[in-house]
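Heads up, start_30.cif below (mmCIF, C-alpha atoms):
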```cif
data_start
#
loop_
_atom_site.label_atom_id
_atom_site.label_comp_id
_atom_site.auth_asym_id
_atom_site.auth_seq_id
_atom_site.Cartn_x
_atom_site.Cartn_y
_atom_site.Cartn_z
CA MET U 1 -5.13 -4.88 -33.61
CA LYS U 2 -5.10 -1.55 -31.82
CA ILE U 3 -4.01 -1.82 -28.17
CA THR U 4 -5.40 0.62 -25.62
CA PRO U 5 -2.60 1.48 -23.17
CA SER U 6 -3.42 0.53 -19.59
CA LEU U 7 -1.77 -0.64 -16.36
CA PRO U 8 -2.26 -3.89 -14.46
CA LYS U 9 -4.62 -3.38 -11.52
CA GLY U 10 -2.85 -2.44 -8.31
CA THR U 11 0.04 -0.63 -10.01
CA ARG U 12 0.63 3.06 -10.68
CA ASP U 13 2.66 5.40 -12.88
CA PHE U 14 4.49 8.25 -11.17
CA GLY U 15 5.27 11.42 -13.12
CA PRO U 16 7.98 13.98 -12.23
CA ASP U 17 5.90 15.79 -9.60
CA GLU U 18 4.89 12.59 -7.83
CA LEU U 19 8.41 11.20 -7.97
CA ARG U 20 9.83 14.38 -6.49
CA LYS U 21 7.53 13.90 -3.50
CA ARG U 22 8.27 10.18 -3.21
CA ASN U 23 12.00 10.78 -3.47
CA TYR U 24 11.71 13.27 -0.63
CA ILE U 25 10.14 10.54 1.53
CA PHE U 26 12.89 8.10 0.52
CA HIS U 27 15.55 10.71 1.32
CA VAL U 28 14.17 11.37 4.81
CA ILE U 29 13.89 7.66 5.64
CA ARG U 30 17.33 6.82 4.21
CA SER U 31 19.04 9.68 6.07
CA VAL U 32 17.53 8.59 9.42
CA PHE U 33 18.49 4.94 8.80
CA GLU U 34 22.08 5.96 8.13
CA LYS U 35 22.11 8.30 11.14
CA TYR U 36 21.42 5.24 13.31
CA GLY U 37 24.22 3.20 11.72
CA PHE U 38 22.28 1.05 9.24
CA GLN U 39 23.99 -0.02 5.99
CA PRO U 40 22.31 -0.33 2.57
CA LEU U 41 21.47 -3.68 0.96
CA GLU U 42 19.61 -4.83 -2.16
CA THR U 43 18.34 -8.29 -3.12
CA PRO U 44 16.83 -9.58 -6.41
CA ALA U 45 13.19 -8.94 -7.27
CA MET U 46 12.62 -12.70 -7.57
CA GLU U 47 13.43 -15.49 -5.15
CA LYS U 48 13.05 -19.25 -5.31
CA LEU U 49 9.55 -20.23 -4.18
CA GLU U 50 11.07 -22.57 -1.61
CA THR U 51 12.62 -19.46 -0.02
CA LEU U 52 9.30 -17.61 0.15
CA GLU U 53 6.65 -20.24 0.84
CA GLY U 54 5.66 -21.15 4.37
CA LYS U 55 7.05 -17.94 5.91
CA TYR U 56 4.00 -15.65 5.78
CA GLY U 57 1.19 -17.80 7.12
CA GLU U 58 -1.60 -19.42 5.15
CA GLU U 59 -3.05 -16.12 3.93
CA GLY U 60 0.31 -14.63 2.98
CA ASP U 61 1.25 -17.63 0.83
CA LYS U 62 -1.90 -17.11 -1.23
CA LEU U 63 -0.68 -13.62 -2.15
CA LEU U 64 2.64 -14.69 -3.67
CA PHE U 65 3.14 -13.77 -7.32
CA ARG U 66 4.53 -16.86 -9.03
CA ILE U 67 6.70 -16.70 -12.16
CA LEU U 68 6.25 -19.31 -14.90
CA ASN U 69 9.37 -21.29 -15.76
CA SER U 70 11.13 -20.24 -18.95
CA GLY U 71 10.47 -22.04 -22.20
CA ASP U 72 7.95 -24.90 -22.37
CA PHE U 73 6.81 -24.72 -18.74
CA LEU U 74 4.30 -27.56 -19.22
CA LYS U 75 6.81 -30.15 -20.46
CA ASP U 76 7.31 -31.81 -17.04
CA VAL U 77 3.63 -31.93 -16.11
CA PRO U 78 2.11 -35.45 -16.26
CA PRO U 79 -0.93 -35.49 -18.59
CA GLU U 80 -3.21 -36.78 -15.82
CA ASP U 81 -2.29 -33.80 -13.58
CA LEU U 82 -2.81 -31.39 -16.46
CA ASN U 83 -6.20 -32.88 -17.24
CA SER U 84 -7.27 -32.68 -13.60
CA ARG U 85 -7.28 -28.88 -13.90
CA LEU U 86 -6.16 -28.63 -10.24
CA SER U 87 -3.60 -25.85 -10.00
CA SER U 88 -2.26 -27.23 -6.71
CA LYS U 89 -1.01 -30.33 -8.54
CA ILE U 90 0.99 -28.50 -11.18
CA SER U 91 1.98 -25.13 -9.65
CA HIS U 92 5.36 -26.38 -8.37
CA LEU U 93 6.07 -28.07 -11.70
CA ILE U 94 5.52 -24.96 -13.81
CA SER U 95 6.80 -22.29 -11.39
CA GLU U 96 10.02 -22.40 -9.35
CA LYS U 97 10.38 -18.67 -8.65
CA GLY U 98 8.25 -15.84 -7.28
CA LEU U 99 8.37 -12.08 -6.79
CA ARG U 100 9.39 -11.13 -3.27
CA TYR U 101 6.48 -10.59 -0.87
CA ASP U 102 8.53 -8.53 1.58
CA LEU U 103 12.17 -7.65 2.26
CA THR U 104 12.63 -9.59 5.51
CA ILE U 105 12.73 -13.16 4.16
CA PRO U 106 15.20 -12.25 1.37
CA PHE U 107 17.29 -10.49 4.06
CA ALA U 108 17.33 -13.64 6.20
CA ARG U 109 18.36 -15.68 3.17
CA TYR U 110 21.14 -13.16 2.45
CA VAL U 111 22.43 -13.33 6.04
CA VAL U 112 22.72 -17.11 5.91
CA GLN U 113 24.49 -17.09 2.55
CA HIS U 114 26.92 -14.34 3.61
CA GLN U 115 27.27 -15.13 7.31
CA HIS U 116 31.08 -15.32 7.11
CA GLU U 117 31.38 -11.94 5.37
CA ILE U 118 29.21 -9.70 7.54
CA THR U 119 29.80 -8.28 11.02
CA PHE U 120 27.24 -9.13 13.70
CA PRO U 121 25.11 -7.48 14.93
CA PHE U 122 24.34 -6.65 11.30
CA LYS U 123 22.29 -3.48 10.82
CA ARG U 124 20.95 -3.13 7.30
CA TYR U 125 18.37 -1.02 5.53
CA GLN U 126 16.69 -1.83 2.25
CA ILE U 127 14.49 0.33 0.01
CA GLN U 128 12.97 -1.72 -2.81
CA PRO U 129 9.60 -2.69 -4.32
CA VAL U 130 7.66 -5.79 -3.27
CA TRP U 131 4.68 -7.52 -4.87
CA ARG U 132 1.51 -9.06 -3.44
CA ALA U 133 -1.43 -10.57 -5.34
CA ASP U 134 -3.87 -8.66 -3.15
CA ARG U 135 -7.24 -7.15 -4.04
CA PRO U 136 -6.44 -3.54 -5.07
CA GLN U 137 -8.14 -0.76 -3.15
CA LYS U 138 -7.23 2.63 -1.70
CA GLY U 139 -3.98 2.31 0.19
CA ARG U 140 -3.45 -1.29 -0.96
CA TYR U 141 -1.46 -2.01 -4.11
CA ARG U 142 0.01 -5.04 -5.83
CA GLU U 143 3.35 -3.34 -6.38
CA PHE U 144 4.68 -1.04 -3.70
CA TYR U 145 7.89 0.05 -2.01
CA GLN U 146 9.00 -0.95 1.45
CA CYS U 147 11.74 0.74 3.43
CA ASP U 148 13.09 -1.75 5.98
CA ALA U 149 15.61 -1.47 8.80
CA ASP U 150 16.68 -4.67 10.59
CA VAL U 151 19.22 -5.66 13.23
CA ILE U 152 20.19 -9.32 13.22
CA GLY U 153 22.53 -11.13 15.59
CA SER U 154 21.43 -9.42 18.80
CA ASP U 155 18.58 -10.08 21.23
CA SER U 156 19.00 -6.79 23.11
CA LEU U 157 15.80 -4.81 23.59
CA LEU U 158 17.81 -1.64 22.94
CA ASN U 159 17.38 -2.51 19.27
CA GLU U 160 13.59 -2.25 19.66
CA VAL U 161 14.00 1.09 21.46
CA GLU U 162 16.11 2.46 18.60
CA LEU U 163 13.59 1.30 16.01
CA ILE U 164 10.83 3.12 17.91
CA LEU U 165 13.01 6.26 17.89
CA ILE U 166 13.59 5.85 14.13
CA TYR U 167 9.84 5.74 13.55
CA ASP U 168 9.40 8.80 15.76
CA GLU U 169 12.10 10.84 14.01
CA VAL U 170 11.05 9.96 10.46
CA PHE U 171 7.42 10.94 11.04
CA ASP U 172 8.53 14.13 12.80
CA ARG U 173 10.65 15.06 9.77
CA LEU U 174 7.76 14.30 7.44
CA LYS U 175 5.57 16.52 9.67
CA MET U 176 3.25 13.57 10.30
CA GLN U 177 2.58 14.24 13.97
CA ASP U 178 -0.85 12.63 14.10
CA VAL U 179 0.30 9.00 13.96
CA SER U 180 0.43 6.29 16.61
CA ILE U 181 3.27 3.79 16.99
CA LYS U 182 1.58 0.70 18.38
CA ILE U 183 3.50 -2.10 20.08
CA ASN U 184 2.57 -5.50 21.47
CA ASN U 185 4.42 -8.75 22.12
CA ARG U 186 3.70 -12.15 20.62
CA LYS U 187 4.72 -13.75 23.93
CA ILE U 188 1.78 -12.01 25.59
CA LEU U 189 -0.51 -13.47 22.95
CA VAL U 190 1.05 -16.90 23.59
CA GLY U 191 0.25 -16.41 27.28
CA ILE U 192 -3.36 -15.52 26.48
CA ALA U 193 -3.61 -18.56 24.22
CA GLU U 194 -2.20 -20.78 26.98
CA LYS U 195 -4.68 -19.32 29.46
CA ASN U 196 -7.52 -20.25 27.10
CA LYS U 197 -6.02 -23.67 26.27
CA ILE U 198 -5.65 -22.85 22.56
CA ALA U 199 -1.83 -22.73 22.37
CA ASP U 200 -1.95 -25.30 19.57
CA LYS U 201 -4.11 -22.89 17.55
CA LEU U 202 -2.03 -19.75 18.13
CA ALA U 203 -1.62 -19.00 14.40
CA SER U 204 -5.38 -19.16 13.80
CA PHE U 205 -6.00 -17.04 16.91
CA THR U 206 -3.57 -14.28 15.85
CA ILE U 207 -4.84 -14.23 12.24
CA ALA U 208 -8.37 -13.62 13.51
CA LEU U 209 -7.26 -11.19 16.23
CA ASP U 210 -5.37 -9.09 13.69
CA LYS U 211 -8.73 -8.27 12.07
CA LEU U 212 -10.34 -6.92 15.23
CA ASP U 213 -10.07 -3.23 14.27
CA LYS U 214 -11.20 -3.95 10.71
CA ILE U 215 -14.26 -6.15 11.19
CA GLY U 216 -15.16 -5.80 14.88
CA ALA U 217 -15.40 -8.21 17.82
CA ASP U 218 -18.54 -10.04 16.69
CA GLU U 219 -17.08 -10.95 13.30
CA VAL U 220 -13.77 -12.01 14.87
CA LYS U 221 -15.61 -14.25 17.33
CA LYS U 222 -17.51 -15.77 14.41
CA GLU U 223 -14.20 -16.44 12.61
CA LEU U 224 -12.69 -17.95 15.76
CA ALA U 225 -15.64 -20.31 16.03
CA GLU U 226 -15.15 -21.34 12.41
CA ARG U 227 -11.52 -22.12 13.24
CA GLY U 228 -12.57 -24.28 16.19
CA ILE U 229 -11.65 -21.72 18.86
CA ALA U 230 -14.02 -20.74 21.67
CA PRO U 231 -15.19 -17.13 21.06
CA ASP U 232 -14.81 -16.26 24.76
CA SER U 233 -11.01 -16.59 24.33
CA LEU U 234 -11.24 -13.04 23.01
CA GLU U 235 -12.75 -11.59 26.18
CA ALA U 236 -9.50 -10.75 27.96
CA VAL U 237 -8.21 -8.95 24.85
CA ILE U 238 -11.38 -6.87 24.57
CA LYS U 239 -11.22 -5.96 28.26
CA VAL U 240 -7.56 -4.88 28.07
CA LYS U 241 -8.20 -2.91 24.89
CA ASN U 242 -10.48 -0.49 26.75
CA LEU U 243 -8.09 0.19 29.67
CA ASN U 244 -5.51 2.98 29.94
CA ALA U 245 -1.78 2.16 29.75
CA SER U 246 -1.13 1.53 33.46
CA GLU U 247 -4.39 -0.41 33.89
CA LYS U 248 -3.43 -2.67 30.97
CA ILE U 249 -0.16 -3.56 32.65
CA SER U 250 -1.80 -4.20 36.05
CA PHE U 251 -4.54 -6.39 34.55
CA LEU U 252 -2.07 -8.48 32.50
CA GLU U 253 0.32 -8.95 35.44
CA LYS U 254 -2.49 -10.77 37.25
CA TYR U 255 -4.01 -12.45 34.19
CA LEU U 256 -0.67 -13.90 32.98
CA ASP U 257 0.64 -14.80 36.43
CA ASP U 258 0.78 -18.53 35.61
CA SER U 259 2.34 -18.10 32.12
CA GLU U 260 6.13 -17.68 32.08
CA THR U 261 6.06 -16.83 28.38
CA GLY U 262 3.31 -14.26 28.85
CA LYS U 263 5.10 -12.63 31.79
CA ALA U 264 8.34 -12.44 29.78
CA GLY U 265 6.51 -10.63 26.98
CA LEU U 266 4.86 -8.24 29.42
CA ASN U 267 8.25 -7.40 31.00
CA GLU U 268 9.60 -6.58 27.55
CA ILE U 269 6.68 -4.24 26.91
CA LYS U 270 7.25 -2.51 30.27
CA TYR U 271 10.93 -2.02 29.38
CA LEU U 272 10.13 -0.46 26.00
CA LEU U 273 7.48 1.86 27.44
CA ALA U 274 10.00 3.07 30.04
CA GLN U 275 12.99 3.47 27.70
CA ALA U 276 10.99 5.18 24.93
CA SER U 277 8.78 7.25 27.24
CA ALA U 278 9.80 10.45 25.43
CA CYS U 279 7.98 9.21 22.32
CA ALA U 280 4.47 10.63 22.65
CA LYS U 281 3.29 8.54 19.67
CA LEU U 282 3.99 5.22 21.44
CA GLU U 283 0.98 3.07 22.44
CA PHE U 284 0.65 -0.44 23.90
CA ASP U 285 -2.11 -2.16 21.91
CA ILE U 286 -3.03 -5.67 23.06
CA THR U 287 -5.08 -6.26 19.88
CA LEU U 288 -2.04 -5.92 17.64
CA ALA U 289 -1.13 -9.38 16.36
CA ARG U 290 0.68 -9.04 13.00
CA GLY U 291 -0.41 -12.14 11.10
CA LEU U 292 3.05 -13.20 9.89
CA ASP U 293 4.16 -16.50 11.44
CA TYR U 294 7.81 -15.61 11.96
CA TYR U 295 7.32 -12.95 14.69
CA THR U 296 8.21 -14.17 18.19
CA GLY U 297 8.53 -11.10 20.45
CA THR U 298 7.88 -7.37 20.11
CA ILE U 299 5.62 -6.39 17.20
CA PHE U 300 5.14 -2.89 15.78
CA GLU U 301 2.49 -1.15 13.71
CA VAL U 302 2.13 2.51 12.78
CA LYS U 303 -1.22 4.05 11.89
CA ALA U 304 -2.28 7.53 10.85
CA ASN U 305 -5.31 9.07 12.54
CA PRO U 306 -8.26 7.86 10.40
CA ALA U 307 -10.28 10.96 11.32
CA ARG U 308 -7.80 13.08 9.39
CA ALA U 309 -6.15 10.73 6.90
CA GLY U 310 -9.04 8.38 6.14
CA GLN U 311 -9.04 4.60 6.55
CA MET U 312 -5.53 4.02 5.23
CA GLY U 313 -4.53 0.99 7.33
CA SER U 314 -1.03 0.60 8.67
CA ILE U 315 1.78 2.78 7.28
CA GLY U 316 4.52 0.82 9.00
CA GLY U 317 5.07 -2.42 10.86
CA GLY U 318 7.55 -5.03 11.98
CA GLY U 319 8.72 -7.10 14.89
CA ARG U 320 11.18 -9.47 16.56
CA TYR U 321 11.95 -12.83 14.94
CA ASP U 322 14.13 -15.21 16.95
CA ASN U 323 14.86 -17.94 14.45
CA LEU U 324 14.03 -16.76 10.95
CA THR U 325 17.47 -17.73 9.64
CA GLY U 326 16.98 -21.21 11.11
CA VAL U 327 14.81 -22.27 8.17
CA PHE U 328 17.83 -21.58 5.96
CA GLY U 329 20.28 -23.54 8.12
CA LEU U 330 21.49 -20.93 10.62
CA PRO U 331 19.54 -21.46 13.87
CA GLY U 332 19.57 -19.31 16.99
CA VAL U 333 20.17 -15.91 15.35
CA SER U 334 17.72 -13.33 16.67
CA GLY U 335 16.65 -10.30 14.68
CA VAL U 336 14.22 -7.40 14.80
CA GLY U 337 13.09 -4.99 12.12
CA ILE U 338 10.61 -2.36 11.00
CA SER U 339 9.21 -1.32 7.66
CA PHE U 340 7.77 1.92 6.24
CA GLY U 341 4.92 1.64 3.72
CA VAL U 342 5.92 4.43 1.34
CA GLU U 343 2.81 4.23 -0.86
CA ARG U 344 0.48 4.79 2.09
CA ILE U 345 2.73 7.44 3.63
CA TYR U 346 2.60 9.26 0.30
CA ASP U 347 -1.20 8.99 0.18
CA VAL U 348 -1.54 10.24 3.77
CA MET U 349 0.75 13.21 3.10
CA GLU U 350 -1.28 14.08 0.00
CA GLU U 351 -4.53 13.79 1.97
CA LEU U 352 -3.20 16.09 4.70
CA LYS U 353 -1.57 18.47 2.14
CA LEU U 354 1.78 18.12 3.90
CA PHE U 355 3.79 18.42 0.68
CA GLU U 356 2.61 22.02 0.41
CA THR U 357 4.67 22.83 3.52
CA ILE U 358 7.88 21.24 2.16
CA ASN U 359 10.39 22.80 -0.24
CA LEU U 360 10.75 20.22 -3.01
CA SER U 361 12.54 22.48 -5.51
CA ALA U 362 16.13 21.96 -4.31
CA ASN U 363 17.00 19.51 -7.11
CA THR U 364 14.77 20.91 -9.86
CA THR U 365 15.94 23.06 -12.74
CA ARG U 366 16.83 26.54 -11.48
CA ALA U 367 17.32 28.28 -14.84
CA LEU U 368 16.66 27.82 -18.54
CA PHE U 369 19.03 29.28 -21.13
CA ILE U 370 17.00 30.75 -23.99
CA ASN U 371 18.37 29.47 -27.30
CA PHE U 372 19.07 32.15 -29.97
CA GLY U 373 21.02 29.75 -32.21
CA GLY U 374 24.43 30.16 -33.84
CA GLU U 375 27.23 31.78 -31.83
CA ALA U 376 24.83 32.70 -29.02
CA GLU U 377 23.85 29.03 -28.60
CA THR U 378 27.51 27.99 -28.41
CA LYS U 379 28.29 30.63 -25.77
CA ALA U 380 25.14 29.83 -23.78
CA PHE U 381 26.12 26.16 -23.75
CA GLN U 382 29.54 27.07 -22.33
CA TYR U 383 27.91 29.09 -19.57
CA LEU U 384 25.53 26.19 -18.95
CA GLN U 385 28.46 23.88 -18.17
CA GLN U 386 29.87 26.41 -15.68
CA LEU U 387 26.57 26.50 -13.79
CA ARG U 388 26.33 22.73 -13.72
CA ALA U 389 29.94 22.51 -12.52
CA ASN U 390 28.73 24.51 -9.52
CA ASP U 391 25.89 22.02 -8.89
CA ILE U 392 23.18 24.35 -10.18
CA PRO U 393 20.54 22.35 -12.12
CA THR U 394 20.30 24.14 -15.47
CA GLU U 395 18.88 23.49 -18.95
CA ILE U 396 19.13 25.01 -22.41
CA TYR U 397 16.20 24.86 -24.81
CA PRO U 398 17.35 22.42 -27.53
CA SER U 399 16.52 24.61 -30.54
CA ALA U 400 16.13 28.29 -31.48
CA GLU U 401 12.34 28.40 -31.31
CA LYS U 402 10.14 31.45 -30.78
CA MET U 403 10.71 33.18 -27.45
CA LYS U 404 7.10 32.58 -26.35
CA LYS U 405 7.48 28.84 -26.79
CA GLN U 406 10.72 28.69 -24.82
CA ILE U 407 9.37 30.82 -21.95
CA GLY U 408 6.20 28.72 -21.96
CA TYR U 409 8.34 25.61 -21.52
CA ALA U 410 10.01 27.16 -18.46
CA ASP U 411 6.64 28.18 -16.99
CA LYS U 412 5.11 24.73 -17.40
CA LYS U 413 8.11 23.08 -15.74
CA GLY U 414 8.18 25.57 -12.89
CA ILE U 415 11.66 26.85 -13.78
CA PRO U 416 12.05 30.16 -11.89
CA TYR U 417 14.65 31.91 -14.09
CA ALA U 418 15.35 32.41 -17.80
CA ILE U 419 18.87 33.40 -18.94
CA PHE U 420 19.50 35.26 -22.19
CA VAL U 421 22.75 35.37 -24.16
CA GLY U 422 21.98 37.61 -27.16
CA GLU U 423 24.01 40.00 -29.28
CA GLU U 424 24.43 42.58 -26.51
CA GLU U 425 25.51 39.95 -23.99
CA LEU U 426 28.01 38.46 -26.47
CA LYS U 427 29.65 41.88 -26.95
CA ASN U 428 29.88 42.62 -23.21
CA ASN U 429 30.61 39.06 -22.05
CA THR U 430 27.58 39.19 -19.72
CA LEU U 431 24.27 37.40 -19.25
CA GLN U 432 20.77 38.71 -18.72
CA ILE U 433 18.60 36.88 -16.18
CA LYS U 434 14.85 37.19 -15.77
CA LYS U 435 12.83 36.12 -12.75
CA LEU U 436 9.75 34.71 -14.43
CA SER U 437 7.41 35.19 -11.47
CA THR U 438 7.96 38.98 -11.39
CA GLY U 439 9.38 39.79 -14.84
CA GLU U 440 12.40 41.50 -13.20
CA GLN U 441 15.46 41.47 -15.49
CA THR U 442 19.09 42.23 -14.60
CA ARG U 443 22.49 41.83 -16.31
CA HIS U 444 25.41 40.09 -14.58
CA SER U 445 28.70 38.31 -15.12
CA ILE U 446 28.68 34.51 -15.04
CA GLU U 447 30.29 34.62 -11.56
CA GLU U 448 27.49 36.83 -10.25
CA ILE U 449 24.86 34.56 -11.82
CA ILE U 450 26.37 31.59 -10.01
CA VAL U 451 26.15 33.38 -6.65
CA LEU U 452 22.58 34.52 -7.36
CA LEU U 453 21.31 31.04 -8.32
CA LYS U 454 23.06 29.33 -5.41
CA LYS U 455 20.91 31.36 -3.08
#
```
Kindly present the structure from the file in structure tokens form.
Amino acid sequence: MKITPSLPKGTRDFGPDELRKRNYIFHVIRSVFEKYGFQPLETPAMEKLETLEGKYGEEGDKLLFRILNSGDFLKDVPPEDLNSRLSSKISHLISEKGLRYDLTIPFARYVVQHQHEITFPFKRYQIQPVWRADRPQKGRYREFYQCDADVIGSDSLLNEVELILIYDEVFDRLKMQDVSIKINNRKILVGIAEKNKIADKLASFTIALDKLDKIGADEVKKELAERGIAPDSLEAVIKVKNLNASEKISFLEKYLDDSETGKAGLNEIKYLLAQASACAKLEFDITLARGLDYYTGTIFEVKANPARAGQMGSIGGGGRYDNLTGVFGLPGVSGVGISFGVERIYDVMEELKLFETINLSANTTRALFINFGGEAETKAFQYLQQLRANDIPTEIYPSAEKMKKQIGYADKKGIPYAIFVGEEELKNNTLQIKKLSTGEQTRHSIEEIIVLLKK
């Protein structure tokens, strides 16, 4: 049967041009992470389901990609459960592993397993793909890269300040000026929940609140009612949302006066706004909730201006988690981290044509040796090795084809120079180089060619 090649929904191929752009983004993010003292880490693509489940909230757990057990995965399923056709009864019998949903939970698992080998506070960065069984749409994929930076083993708010500065510097380097770095604090949301006597339904409240910008206040109130929460519990949030920065603080100081947790969160926000005041992108957003259950303090989200970049959603996010390692047997270890959504950053940069302002040719082929065969091919290959020894990306056409075909190859790949080693060059121990954009040709020694191409 003939198979028509296709990709699973929510995944993408990336050719050389796209990868060059993506690698540039990775390079910028990695270099800033390392500038701030973060060390690299990698974890496996799959984790045990017991590691992943119960960490992302009720909606997050639904998006886990589960991996069928090897071999006869139905052998341990009782016939009555199999006949019931209820997946909830057999899922844990046929699947013990899943693809990682994010990089934070695997990081927490790693910290617990290697706690005696690492130095605390432990600052790590991780750049790897994650998978979510989400509904594919623009800016939302089932396979995508995250670039995370986390500090674990310290509860100092200076860590949050540094993470804000990392966001600021990365987006400056990527020339993405029109973004906002939003912050809030889960303790403030706890205070609001206490004020409205719904502290026992905090998770449901934050899940609904996190949709405020997407579906609007009326729809969120409707969802709150469905979850057994009085819709007027949203009123304070809506009021604060429409105030300026100083008015937000003043209102919440009075509103949260009888909530110690809420006041603690507000004091943390005030500290961050003061310490990171030089960051013009920073914004206190009371509606920011971040639906993941493990956040306990500061939460972050980065968004591009929808008027220019379209409705792309968040391009970064994160927060403080005070006891994430506790579920793996290491309680009382506080951590905080941020993540960059590379796929959406890439899409925003394409939308805004920012790649056109960036030189992406530094690691692309600088010159193609034209192949004349025989002795000329041997000599050209020797010269080729000298250029590569000087870190100049260079190719030789693999066979002595017609000149037009070889030059056409260089044109299609965007190679700026062609180098000729023909009979005349063999006699004089020289090379002829042609700038393909202008047709200008000159003859040089190999040493002169090296200097020319290094420019």
Discussion item. Rounded to one decimal, what separation in Å do you get between atom CA of U:Ser31 and atom CA of U:Phe340?
Written reply: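 The value is 13.7 Å.
Within the 12 Å cut-off around U:Pro398, using only C-alpha atoms and omitting residues fewer than 6 positions from it on the same chain, the listed residues are Leu368, Phe369, Ile370, Asn371, Phe372, Gly373, Glu377, Thr378, Ala380, Phe381, Lys405, Gln406 and Tyr409 of chain U.
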Discussion item. Residues within 9 Å of U:Ala133, please, as a list in words. Count only C-alpha atoms; anything in the same chain fewer than 5 positions from it doesn't count.
Written reply: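 Listing them by chain and then by number gives Gly10, Lys62, Leu63, Leu64, Phe65, Tyr141, Arg142 and Glu143 of chain U.
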Discussion item. Could you list, as a ChimeraX atom specification, every residue matched by the PyMOL selection byres ((chain U and resi 106) around 9) in this structure?
Written reply: /U:43-44,47,51-52,100,102-105,107-111
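If you look at atom CA of U:Thr365 and atom CA of U:Pro393, they are 4.7 Å away from each other.
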